[in-house]
$ cat start16.cif   # mmCIF, C-alpha atoms
data_protein
#
loop_
_atom_site.label_atom_id
_atom_site.label_comp_id
_atom_site.auth_asym_id
_atom_site.auth_seq_id
_atom_site.Cartn_x
_atom_site.Cartn_y
_atom_site.Cartn_z
CA MET A 121 113.82 89.89 85.44
CA PHE A 122 111.86 92.50 83.52
CA TYR A 123 112.90 96.11 83.50
CA ILE A 124 109.54 97.83 83.11
CA HIS A 125 108.77 101.38 82.05
CA CYS A 126 105.98 102.82 84.23
CA PRO A 127 103.96 105.23 82.06
CA TYR A 128 102.96 107.25 85.16
CA CYS A 129 106.37 107.56 86.85
CA ASP A 130 107.87 107.81 83.35
CA GLU A 131 110.85 105.75 84.42
CA HIS A 132 112.14 102.20 84.13
CA ARG A 133 111.88 100.15 87.32
CA GLU A 134 112.69 96.64 88.46
CA GLU A 135 110.03 93.96 88.07
CA GLU A 136 110.06 93.53 91.87
CA GLU A 137 108.04 96.75 92.16
CA PHE A 138 105.22 95.46 89.95
CA HIS A 139 102.47 92.87 90.03
CA ALA A 140 100.94 91.23 86.98
CA LYS A 141 97.15 91.34 86.93
CA GLY A 142 96.32 89.18 83.92
CA GLN A 143 94.87 89.90 80.51
CA ALA A 144 94.10 93.53 79.66
CA HIS A 145 91.14 95.11 77.86
CA ILE A 146 88.43 92.87 79.30
CA ALA A 147 85.23 94.86 79.17
CA ARG A 148 82.62 94.13 81.83
CA PRO A 149 79.21 93.42 80.24
CA LEU A 150 77.20 96.63 80.47
CA ASP A 151 74.10 94.85 81.73
CA PRO A 152 75.08 91.71 83.70
CA ASP A 153 71.41 90.82 84.28
CA ALA A 154 70.88 90.49 80.54
CA CYS A 155 73.88 88.15 80.06
CA THR A 156 73.59 84.48 79.35
CA ASP A 157 75.52 82.21 81.73
CA GLU A 158 78.00 81.59 78.96
CA GLU A 159 78.66 85.29 78.36
CA TRP A 160 79.06 85.97 82.08
CA GLY A 161 81.27 82.89 82.53
CA ASN A 162 83.46 83.97 79.65
CA PHE A 163 83.85 87.42 81.19
CA LEU A 164 84.70 86.05 84.63
CA TYR A 165 86.84 83.02 83.93
CA PHE A 166 88.06 82.56 80.38
CA ARG A 167 91.31 84.18 79.32
CA ALA A 168 93.45 84.13 76.22
CA ASN A 169 96.76 82.32 76.42
CA PRO A 170 98.46 83.33 73.19
CA ARG A 171 101.89 82.41 71.97
CA GLY A 172 103.26 85.74 70.83
CA ILE A 173 101.89 89.21 71.44
CA HIS A 174 99.76 89.59 74.56
CA HIS A 175 98.30 92.67 76.27
CA GLU A 176 98.50 92.49 80.04
CA LEU A 177 97.35 94.58 82.97
CA TRP A 178 100.05 95.38 85.53
CA VAL A 179 100.16 97.49 88.67
CA HIS A 180 103.11 99.52 89.95
CA ALA A 181 102.51 98.14 93.44
CA ALA A 182 105.54 99.51 95.27
CA GLY A 183 105.70 102.76 93.33
CA CYS A 184 102.87 105.03 92.25
CA ARG A 185 100.28 102.22 92.67
CA LYS A 186 98.73 102.94 89.28
CA PHE A 187 97.44 100.27 86.91
CA PHE A 188 98.71 100.30 83.32
CA ASN A 189 99.02 97.95 80.34
CA ILE A 190 101.98 96.12 78.86
CA THR A 191 102.21 94.63 75.39
CA ARG A 192 104.49 91.66 75.75
CA ASP A 193 105.69 88.82 73.55
CA THR A 194 105.10 85.61 75.54
CA GLN A 195 107.53 83.75 73.31
CA THR A 196 110.56 86.04 73.60
CA TYR A 197 109.57 87.81 76.85
CA ALA A 198 110.23 91.13 75.10
CA ILE A 199 108.20 94.06 76.40
CA LEU A 200 107.08 95.92 73.28
CA GLU A 201 105.33 98.88 74.92
CA THR A 202 103.66 100.10 78.09
CA TYR A 203 100.68 102.44 78.02
CA ARG A 204 98.22 104.02 80.42
CA LEU A 205 94.76 102.73 81.21
CA GLY A 206 92.18 103.94 78.73
CA GLU A 207 94.71 104.00 75.89
CA GLN A 208 94.88 101.50 73.06
CA PRO A 209 98.01 99.50 72.19
CA SER A 210 100.00 100.61 69.16
CA VAL A 211 101.55 97.16 68.78
CA THR A 212 99.06 94.36 68.13
CA SER A 213 99.29 90.86 66.70
CA GLN A 214 97.67 92.20 63.51
CA SER A 215 100.28 94.93 62.97
CA MET B 103 86.07 127.51 101.37
CA SER B 104 85.25 123.85 101.57
CA ASP B 105 81.80 122.84 100.39
CA THR B 106 81.90 119.44 102.09
CA PHE B 107 81.36 118.71 105.75
CA THR B 108 84.19 116.66 107.17
CA ALA B 109 84.96 116.01 110.81
CA VAL B 110 88.61 116.92 111.28
CA MET B 111 89.98 115.61 114.54
CA ASP B 112 92.90 117.14 116.39
CA GLN B 113 94.70 113.95 117.37
CA LEU B 114 96.97 115.74 119.84
CA PRO B 115 94.78 118.46 121.38
CA THR B 116 96.90 118.88 124.52
CA ALA B 117 100.49 118.14 125.39
CA ASP B 118 99.57 115.41 127.89
CA VAL B 119 98.12 113.09 125.23
CA LEU B 120 100.55 110.19 125.02
CA ALA B 121 102.12 110.05 121.58
CA ARG B 122 104.78 107.49 120.90
CA SER B 123 106.73 107.05 117.71
CA PRO B 124 107.14 103.49 116.39
CA LEU B 125 110.91 103.81 116.96
CA TYR B 126 110.76 105.18 120.51
CA GLN B 127 113.01 102.37 121.73
CA HIS B 128 115.80 103.34 119.35
CA SER B 129 117.96 106.42 119.76
CA ALA B 130 119.93 108.21 117.06
CA LEU B 131 123.14 106.46 116.00
CA ARG B 132 126.40 107.79 114.65
CA GLY B 133 129.03 105.84 112.77
CA ASP B 134 131.90 106.57 110.41
CA GLY B 135 130.43 108.96 107.84
CA LEU B 136 126.94 107.73 108.67
CA GLN B 137 124.19 109.03 110.94
CA LEU B 138 120.83 107.41 111.49
CA GLN B 139 117.99 109.13 113.27
CA GLU B 140 114.23 109.19 113.35
CA ASN B 141 112.26 112.36 112.72
CA ALA B 142 109.70 111.27 115.29
CA LEU B 143 106.00 112.19 115.29
CA ALA B 144 106.31 114.41 112.23
CA THR B 145 103.12 115.65 110.62
CA GLN B 146 102.26 113.64 107.52
CA LEU B 147 99.31 114.42 105.28
CA VAL B 148 98.35 112.73 102.03
CA ILE B 149 96.85 115.19 99.57
CA ARG B 150 94.97 113.93 96.53
CA GLY B 151 93.48 115.89 93.68
CA ASN B 152 93.64 116.67 90.00
CA THR B 153 96.36 118.98 88.66
CA ASP B 154 94.03 119.96 85.78
CA ASP B 155 91.89 121.67 88.42
CA ALA B 156 93.49 125.12 88.84
CA SER B 157 91.71 125.77 92.15
CA PHE B 158 93.28 122.60 93.60
CA VAL B 159 96.79 123.62 92.53
CA GLN B 160 96.32 127.17 93.87
CA GLY B 161 94.66 125.97 97.09
CA VAL B 162 97.57 123.67 97.97
CA ALA B 163 100.05 126.45 97.15
CA LYS B 164 98.16 128.90 99.35
CA ALA B 165 97.87 126.56 102.35
CA THR B 166 101.38 125.11 102.25
CA GLY B 167 103.38 127.84 100.49
CA LEU B 168 104.67 125.12 98.15
CA ALA B 169 103.95 124.42 94.49
CA LEU B 170 102.81 120.88 93.67
CA PRO B 171 105.92 119.03 92.44
CA GLY B 172 105.88 117.03 89.22
CA ASN B 173 106.91 113.39 88.62
CA LEU B 174 109.34 112.04 91.24
CA GLN B 175 110.12 115.53 92.55
CA SER B 176 109.69 117.35 95.84
CA GLU B 177 109.30 120.95 96.98
CA ALA B 178 110.39 122.20 100.38
CA ASN B 179 110.60 125.28 102.57
CA ASN B 180 111.93 125.58 106.12
CA ASP B 181 109.18 123.56 107.76
CA TRP B 182 107.36 121.59 105.09
CA ARG B 183 108.26 119.16 102.35
CA LEU B 184 105.80 118.15 99.63
CA ARG B 185 106.61 114.91 97.79
CA TRP B 186 105.16 113.54 94.57
CA ILE B 187 103.80 110.02 95.16
CA ALA B 188 101.55 109.43 92.15
CA PRO B 189 100.06 111.64 89.40
CA ASP B 190 97.15 112.53 91.71
CA GLU B 191 98.79 112.06 95.12
CA TRP B 192 101.31 113.98 97.24
CA LEU B 193 102.74 113.51 100.73
CA LEU B 194 103.20 116.61 102.86
CA THR B 195 105.51 116.29 105.88
CA GLY B 196 106.31 118.87 108.49
CA PRO B 197 106.82 119.68 112.16
CA ALA B 198 105.22 117.65 114.94
CA ASN B 199 101.88 118.85 116.30
CA ALA B 200 101.05 120.78 113.13
CA ALA B 201 98.76 118.21 111.50
CA PHE B 202 95.49 119.72 112.70
CA THR B 203 96.40 123.31 111.76
CA MET B 204 97.67 122.28 108.32
CA GLU B 205 94.75 119.98 107.57
CA THR B 206 92.31 122.74 108.53
CA ALA B 207 94.20 125.24 106.36
CA LEU B 208 94.14 122.85 103.40
CA ARG B 209 90.42 122.19 103.77
CA GLU B 210 89.73 125.92 103.93
CA ASN B 211 91.62 126.48 100.69
CA LEU B 212 90.37 123.47 98.73
CA SER B 213 86.99 122.64 97.31
CA GLY B 214 85.39 120.16 94.97
CA HIS B 215 86.96 116.77 94.32
CA TYR B 216 90.00 116.37 96.57
CA ALA B 217 91.17 114.44 99.65
CA VAL B 218 93.34 115.29 102.64
CA ILE B 219 94.21 112.39 104.93
CA ASN B 220 96.22 112.55 108.13
CA VAL B 221 98.62 109.59 108.01
CA SER B 222 100.99 110.83 110.72
CA GLY B 223 100.33 107.79 112.89
CA GLY B 224 100.71 105.28 110.07
CA GLN B 225 104.27 105.89 109.01
CA THR B 226 107.44 107.54 110.23
CA LEU B 227 110.45 109.39 108.83
CA VAL B 228 113.98 108.04 109.11
CA ARG B 229 116.91 110.32 108.30
CA LEU B 230 120.08 108.78 106.89
CA SER B 231 123.04 111.10 106.43
CA GLY B 232 126.78 111.11 105.89
CA ALA B 233 129.13 110.18 103.08
CA ASN B 234 128.37 106.46 103.51
CA ALA B 235 124.57 106.82 103.52
CA ARG B 236 124.38 106.05 99.81
CA ALA B 237 126.34 102.83 100.30
CA VAL B 238 123.78 101.70 102.88
CA LEU B 239 120.92 102.43 100.44
CA MET B 240 122.71 100.52 97.68
CA LYS B 241 122.65 97.43 99.88
CA SER B 242 118.98 97.84 100.68
CA CYS B 243 117.09 98.51 97.47
CA PRO B 244 117.31 97.66 93.75
CA TYR B 245 116.74 101.27 92.69
CA ASP B 246 119.75 103.13 91.24
CA VAL B 247 120.74 105.74 93.83
CA HIS B 248 123.73 107.03 91.85
CA ASP B 249 124.05 110.85 91.55
CA ARG B 250 123.22 110.79 87.84
CA ASN B 251 119.92 109.00 88.51
CA PHE B 252 119.04 110.32 91.95
CA PRO B 253 119.82 114.05 92.34
CA ALA B 254 118.83 116.02 95.44
CA GLY B 255 115.11 116.74 95.51
CA LYS B 256 114.10 113.47 93.85
CA VAL B 257 111.54 111.18 95.52
CA VAL B 258 111.09 107.50 94.69
CA SER B 259 108.71 104.94 96.17
CA THR B 260 110.26 101.54 95.81
CA VAL B 261 110.91 98.18 97.41
CA PHE B 262 113.31 98.55 100.29
CA ALA B 263 114.79 95.79 102.42
CA LYS B 264 112.02 93.37 101.35
CA SER B 265 109.54 96.00 102.52
CA GLN B 266 108.71 99.36 100.94
CA ALA B 267 109.86 102.92 101.47
CA ILE B 268 109.54 106.34 99.95
CA ILE B 269 113.13 107.48 99.49
CA SER B 270 113.91 111.20 99.21
CA ARG B 271 117.26 112.78 98.64
CA LEU B 272 117.37 116.02 100.63
CA GLY B 273 120.97 116.95 99.88
CA ASP B 274 124.27 115.47 98.72
CA ASP B 275 124.71 113.33 101.83
CA GLU B 276 121.21 113.63 103.22
CA TRP B 277 118.49 111.04 102.64
CA GLU B 278 115.08 110.48 104.15
CA LEU B 279 112.95 107.35 104.19
CA VAL B 280 109.22 107.22 104.81
CA VAL B 281 108.45 103.78 106.23
CA ARG B 282 105.28 102.09 107.42
CA ARG B 283 104.80 102.09 111.17
CA SER B 284 104.57 98.31 111.40
CA PHE B 285 107.81 97.90 109.42
CA ALA B 286 109.69 100.72 111.16
CA ASP B 287 111.40 98.58 113.79
CA TYR B 288 112.41 95.98 111.17
CA ILE B 289 113.77 98.61 108.77
CA TRP B 290 115.63 100.38 111.56
CA ARG B 291 117.34 97.12 112.51
CA TRP B 292 118.06 96.41 108.84
CA LEU B 293 119.73 99.84 108.52
CA VAL B 294 121.79 99.30 111.66
CA ASP B 295 122.89 95.94 110.29
CA ALA B 296 123.70 97.47 106.89
CA GLY B 297 125.62 100.26 108.64
CA GLN B 298 127.66 97.89 110.77
CA GLU B 299 130.65 98.11 108.44
CA PHE B 300 130.54 101.89 108.93
CA GLY B 301 130.61 101.55 112.71
CA LEU B 302 126.89 101.68 113.42
CA SER B 303 125.88 99.70 116.49
CA GLU B 304 123.05 99.71 119.01
CA HIS B 305 125.27 98.07 121.62
CA ALA B 306 127.87 100.81 122.06
#
$ encode --input "start16.cif" --output "structure tokens"
Amino acid sequence: MFYIHCPYCDEHREEEEFHAKGQAHIARPLDPDACTDEEWGNFLYFRANPRGIHHELWVHAAGCRKFFNITRDTQTYAILETYRLGEQPSVTSQS
Amino acid sequence: MSDTFTAVMDQLPTADVLARSPLYQHSALRGDGLQLQENALATQLVIRGNTDDASFVQGVAKATGLALPGNLQSEANNDWRLRWIAPDEWLLTGPANAAFTMETALRENLSGHYAVINVSGGQTLVRLSGANARAVLMKSCPYDVHDRNFPAGKVVSTVFAKSQAIISRLGDDEWELVVRRSFADYIWRWLVDAGQEFGLSEHA
């Protein structure tokens, strides 16, 4: 089980309270009509599946019901940081 | 004064309108150091807005007499209790039959980007008190309800008995749960079951 820090409640809570919502920082194409099928398909369906550091979107479903991001190591399961929507991660695979 | 036009309905305009709490079939129970009772038909309003907006903060304070509480906190006076739910959301609970008056007062004092929603019919309040109340909560949710983590005045929304509840600690031995209407009967029965070892029974 994860013990996750909610950046809005500012407290650690059990994983049971949260839902994972997949990869974070996926920007919707600004003009969908101008997209090629490939660009739109990539936005809708294709996701990274890295071994190592991954940024994920989670929601505090049973708590404050806010969405936030988690930087997590998929190899060790370690949660490296949690941060609010609109913020950028301080831990990345480059750093 | 509000600059939006919203139809505010008085859901209980006269005393003969039938209002029934979701736990009307259950009466208050008393065990060994444990009491369980519903605070039936209480007024419950969800207030949403931005704390950076000074007029919102002042408007709520003027209408309710309570300051907006910060993270996981609550503010209360004799009649009303204002609970923090999320950074932009609060739950105001108070006496029965006061929803219309309070909602009107809030709308008169607020303007701009805000929301007031009457959720009185959607959820109910369950009061759990006595020295063994904490032991019952410990069996029911994964959240740490120890004194050092859960002092009086704190409010936590969490998973509770495979459902969800907003748990508030009103005093040392005084707890209050806000539960969804459709889960109320199930949670009540769960609490009675959890309180069995403290002498709680519906078949006395």
$ atom_distance --input "start16.cif" --atom1 "atom CA of Glu176 of chain A" --atom2 "atom CA of Tyr123 of chain A"
15.2 Å
$ residues_near_point --input "start16.cif" --point "(115.1, 99.7, 91.8)" --cutoff "7 Å" --atoms "all atoms listed in the file" --output "mmCIF file with C-alpha atoms, in the frame of the given file"
data_model
loop_
_atom_site.group_PDB
_atom_site.id
_atom_site.type_symbol
_atom_site.label_atom_id
_atom_site.label_comp_id
_atom_site.auth_asym_id
_atom_site.auth_seq_id
_atom_site.Cartn_x
_atom_site.Cartn_y
_atom_site.Cartn_z
ATOM 1 C CA ARG A 133 111.880 100.150 87.320
ATOM 2 C CA GLU A 134 112.690 96.640 88.460
ATOM 3 C CA CYS B 243 117.090 98.510 97.470
ATOM 4 C CA PRO B 244 117.310 97.660 93.750
ATOM 5 C CA TYR B 245 116.740 101.270 92.690
ATOM 6 C CA ASP B 246 119.750 103.130 91.240
ATOM 7 C CA THR B 260 110.260 101.540 95.810
#
$ resolve_selection --input "start16.cif" --expression "the PyMOL selection byres ((chain B) within 6 of (chain A))" --output "mmCIF file with C-alpha atoms, in the coordinates of the input"
data_model
loop_
_atom_site.group_PDB
_atom_site.id
_atom_site.type_symbol
_atom_site.label_atom_id
_atom_site.label_comp_id
_atom_site.auth_asym_id
_atom_site.auth_seq_id
_atom_site.Cartn_x
_atom_site.Cartn_y
_atom_site.Cartn_z
ATOM 1 C CA ILE B 187 103.800 110.020 95.160
ATOM 2 C CA ALA B 188 101.550 109.430 92.150
ATOM 3 C CA SER B 259 108.710 104.940 96.170
ATOM 4 C CA THR B 260 110.260 101.540 95.810
ATOM 5 C CA VAL B 261 110.910 98.180 97.410
#
$ atom_distance --input "start16.cif" --atom1 "atom CA of Leu143 of chain B" --atom2 "atom CA of Ala165 of chain B"
21.0 Å
$ resolve_selection --input "start16.cif" --expression "the PyMOL selection byres ((chain B and resi 130) around 12)" --output "PDB file with C-alpha atoms, in the frame of the given file"
ATOM      1  CA  LEU B 125     110.910 103.810 116.960  1.00  0.00           C
ATOM      2  CA  TYR B 126     110.760 105.180 120.510  1.00  0.00           C
ATOM      3  CA  GLN B 127     113.010 102.370 121.730  1.00  0.00           C
ATOM      4  CA  HIS B 128     115.800 103.340 119.350  1.00  0.00           C
ATOM      5  CA  SER B 129     117.960 106.420 119.760  1.00  0.00           C
ATOM      6  CA  LEU B 131     123.140 106.460 116.000  1.00  0.00           C
ATOM      7  CA  ARG B 132     126.400 107.790 114.650  1.00  0.00           C
ATOM      8  CA  GLY B 133     129.030 105.840 112.770  1.00  0.00           C
ATOM      9  CA  LEU B 136     126.940 107.730 108.670  1.00  0.00           C
ATOM     10  CA  GLN B 137     124.190 109.030 110.940  1.00  0.00           C
ATOM     11  CA  LEU B 138     120.830 107.410 111.490  1.00  0.00           C
ATOM     12  CA  GLN B 139     117.990 109.130 113.270  1.00  0.00           C
ATOM     13  CA  GLU B 140     114.230 109.190 113.350  1.00  0.00           C
ATOM     14  CA  ASN B 141     112.260 112.360 112.720  1.00  0.00           C
ATOM     15  CA  ALA B 142     109.700 111.270 115.290  1.00  0.00           C
ATOM     16  CA  VAL B 228     113.980 108.040 109.110  1.00  0.00           C
ATOM     17  CA  ARG B 229     116.910 110.320 108.300  1.00  0.00           C
ATOM     18  CA  LEU B 230     120.080 108.780 106.890  1.00  0.00           C
ATOM     19  CA  SER B 231     123.040 111.100 106.430  1.00  0.00           C
ATOM     20  CA  TRP B 290     115.630 100.380 111.560  1.00  0.00           C
ATOM     21  CA  LEU B 293     119.730  99.840 108.520  1.00  0.00           C
ATOM     22  CA  VAL B 294     121.790  99.300 111.660  1.00  0.00           C
ATOM     23  CA  LEU B 302     126.890 101.680 113.420  1.00  0.00           C
ATOM     24  CA  SER B 303     125.880  99.700 116.490  1.00  0.00           C
ATOM     25  CA  GLU B 304     123.050  99.710 119.010  1.00  0.00           C
ATOM     26  CA  ALA B 306     127.870 100.810 122.060  1.00  0.00           C
TER      27      ALA B 306
END
$ residues_near_point --input "start16.cif" --point "(129.0, 106.2, 104.1)" --cutoff "12 Å" --atoms "only C-alpha atoms" --output "count of residues only"
30
$ resolve_selection --input "start16.cif" --expression "the PyMOL selection byres ((chain B and resi 212) around 9)" --output "list in words"
Met103, Ser104, Asp105, Ser157, Phe158, Val159, Gln160, Gly161, Val162, Ala165, Ala207, Leu208, Arg209, Glu210, Asn211, Ser213, Gly214, His215 and Tyr216 of chain B
$ write_last_selection --input "start16.cif" --atoms "C-alpha atoms" --output "mmCIF file, in the frame of the given file"
data_model
loop_
_atom_site.group_PDB
_atom_site.id
_atom_site.type_symbol
_atom_site.label_atom_id
_atom_site.label_comp_id
_atom_site.auth_asym_id
_atom_site.auth_seq_id
_atom_site.Cartn_x
_atom_site.Cartn_y
_atom_site.Cartn_z
ATOM 1 C CA MET B 103 86.070 127.510 101.370
ATOM 2 C CA SER B 104 85.250 123.850 101.570
ATOM 3 C CA ASP B 105 81.800 122.840 100.390
ATOM 4 C CA SER B 157 91.710 125.770 92.150
ATOM 5 C CA PHE B 158 93.280 122.600 93.600
ATOM 6 C CA VAL B 159 96.790 123.620 92.530
ATOM 7 C CA GLN B 160 96.320 127.170 93.870
ATOM 8 C CA GLY B 161 94.660 125.970 97.090
ATOM 9 C CA VAL B 162 97.570 123.670 97.970
ATOM 10 C CA ALA B 165 97.870 126.560 102.350
ATOM 11 C CA ALA B 207 94.200 125.240 106.360
ATOM 12 C CA LEU B 208 94.140 122.850 103.400
ATOM 13 C CA ARG B 209 90.420 122.190 103.770
ATOM 14 C CA GLU B 210 89.730 125.920 103.930
ATOM 15 C CA ASN B 211 91.620 126.480 100.690
ATOM 16 C CA SER B 213 86.990 122.640 97.310
ATOM 17 C CA GLY B 214 85.390 120.160 94.970
ATOM 18 C CA HIS B 215 86.960 116.770 94.320
ATOM 19 C CA TYR B 216 90.000 116.370 96.570
#
$ residues_around --input "start16.cif" --residues "Pro149 of chain A" --least-positions-apart "2" --cutoff "9 Å" --atoms "only C-alpha atoms" --output "PyMOL selection string"
chain A and resi 147+151-152+154-155+159-160+163
$ closest_residue --input "start16.cif" --among "B:Asn180, B:Thr116, B:Glu191, B:Asp249" --to "Gly151 of chain B" --atoms "all atoms listed in the file"
B:Glu191
$ residues_around --input "start16.cif" --residues "segment 192-196 of chain A" --least-positions-apart "4" --cutoff "6 Å" --atoms "all atoms listed in the file" --output "list in words"
Arg171, Gly172, Ile173, His174 and Leu200 of chain A
$ write_last_selection --input "start16.cif" --atoms "C-alpha atoms" --output "compact mmCIF listing (two decimals), in the frame of the given file"
# COMPACT_ATOMS: atom_id res chain seq x y z
CA ARG A 171 101.89 82.41 71.97
CA GLY A 172 103.26 85.74 70.83
CA ILE A 173 101.89 89.21 71.44
CA HIS A 174 99.76 89.59 74.56
CA LEU A 200 107.08 95.92 73.28
$ axis_aligned_box --input "start16.cif" --around "segment 140-146 of chain A" --padding-each-side "4 Å" --output "lines of an AutoDock Vina configuration file"
center_x = 94.7
center_y = 92.1
center_z = 82.4
size_x = 20.5
size_y = 13.9
size_z = 17.1
$ atom_distance --input "start16.cif" --atom1 "atom CA of Arg122 of chain B" --atom2 "atom CA of Gly273 of chain B"
28.2 Å
